[in-house]
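Enquirer: Encoded as structure tokens, here's the structure I'll be asking about.
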Amino acid sequence: DAFKTLALFNGSFSAHYNAPTYYAELKDRSFATFARATLYAFAIATTLFTVFGLAGFARFGDEVLGNVLKSYSADDPMIQLSWLSMMVSTVFAFPHAFLRMRSSWNMLLGKAPHADFVPTTAGLLGVSFVMGVVFTDIAVIK
């Protein structure tokens with residue numbers, strides 16, 4: 001189904017909220033350099049997600065779940081290692097998304113990006129934690 005395929009790519013292009021930060025960190029800050037870096041990043045992400053999506057579909061067909069790891073036995077040590085790898089990936093990717101979320105939240109309230117740092121951080125982390133507990137399947141959110 002084409003709509004299921006599009007949902008897969010939603011995750012592969014979800015770093016757009018950090019684009020201003022990435023641009024600011026470029027050594028040669030120009031539109032051409034940023035466009036080239038973005039093109040390379042999107043090409044790599046598209047290739048990787050296409051390969052993994054096709055592999056999941058080839059293995060499970062229409063029965064593939066939103067999180068392909070749930071389709072395998074939880075007793076398999078390699079699957080447990082895969083779950084551990086996903087956890088490590090989330091632990092290191094979350095701060096990037098959170099930084100932008102906190103800045104955007106403060107901007108919506110008309111404040112400086114780092115205003116009320118501790119209470120804003122604690123509040124947004126609390127909301128993120130609750131959502132992580134309530135929504136056990138990421139497919140529900142996407």
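Chain labels A, B, ... are given in the sequence in which chains occur in the structure tokens; within each chain residues are numbered consecutively from 1, and ligands are likewise numbered from 1 in the order shown.
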What's the 12 Å shell around region 70-82 of chain A, counting only C-alpha atoms, without same-chain residues fewer than 5 positions away, as a PyMOL selection string?
Expert: chain A and resi 56-57+59-65+87-89+136-138
Enquirer: Return as a PyMOL selection string the full set of residues in chain A whose backbone-based DSSP assignment is alpha helix (DSSP H).
Expert: chain A and resi 2-12+19-24+31-60+77-108+117-134+138-141
Enquirer: Just how far from CA of Phe49 (chain A) is CA of Ser128 (chain A), in Å to one decimal?
Expert: 25.5 Å
Enquirer: Mind checking which residues fall within 12 Å of region 120-127 of chain A, counting only C-alpha atoms, ignoring those fewer than 2 positions away in the same chain, and posting them as a list in words?
Expert: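 That gives Phe94, Pro95, Ala97, Phe98, Leu99, Arg100, Met101, Arg102, Ser103, Ser104, Trp105, Asn106, Met107, Leu109, Lys111, Ala112, Pro113, His114, Ala115, Asp116, Phe117, Val118, Phe129, Val130, Met131, Gly132, Val133, Val134 and Phe135 of chain A.
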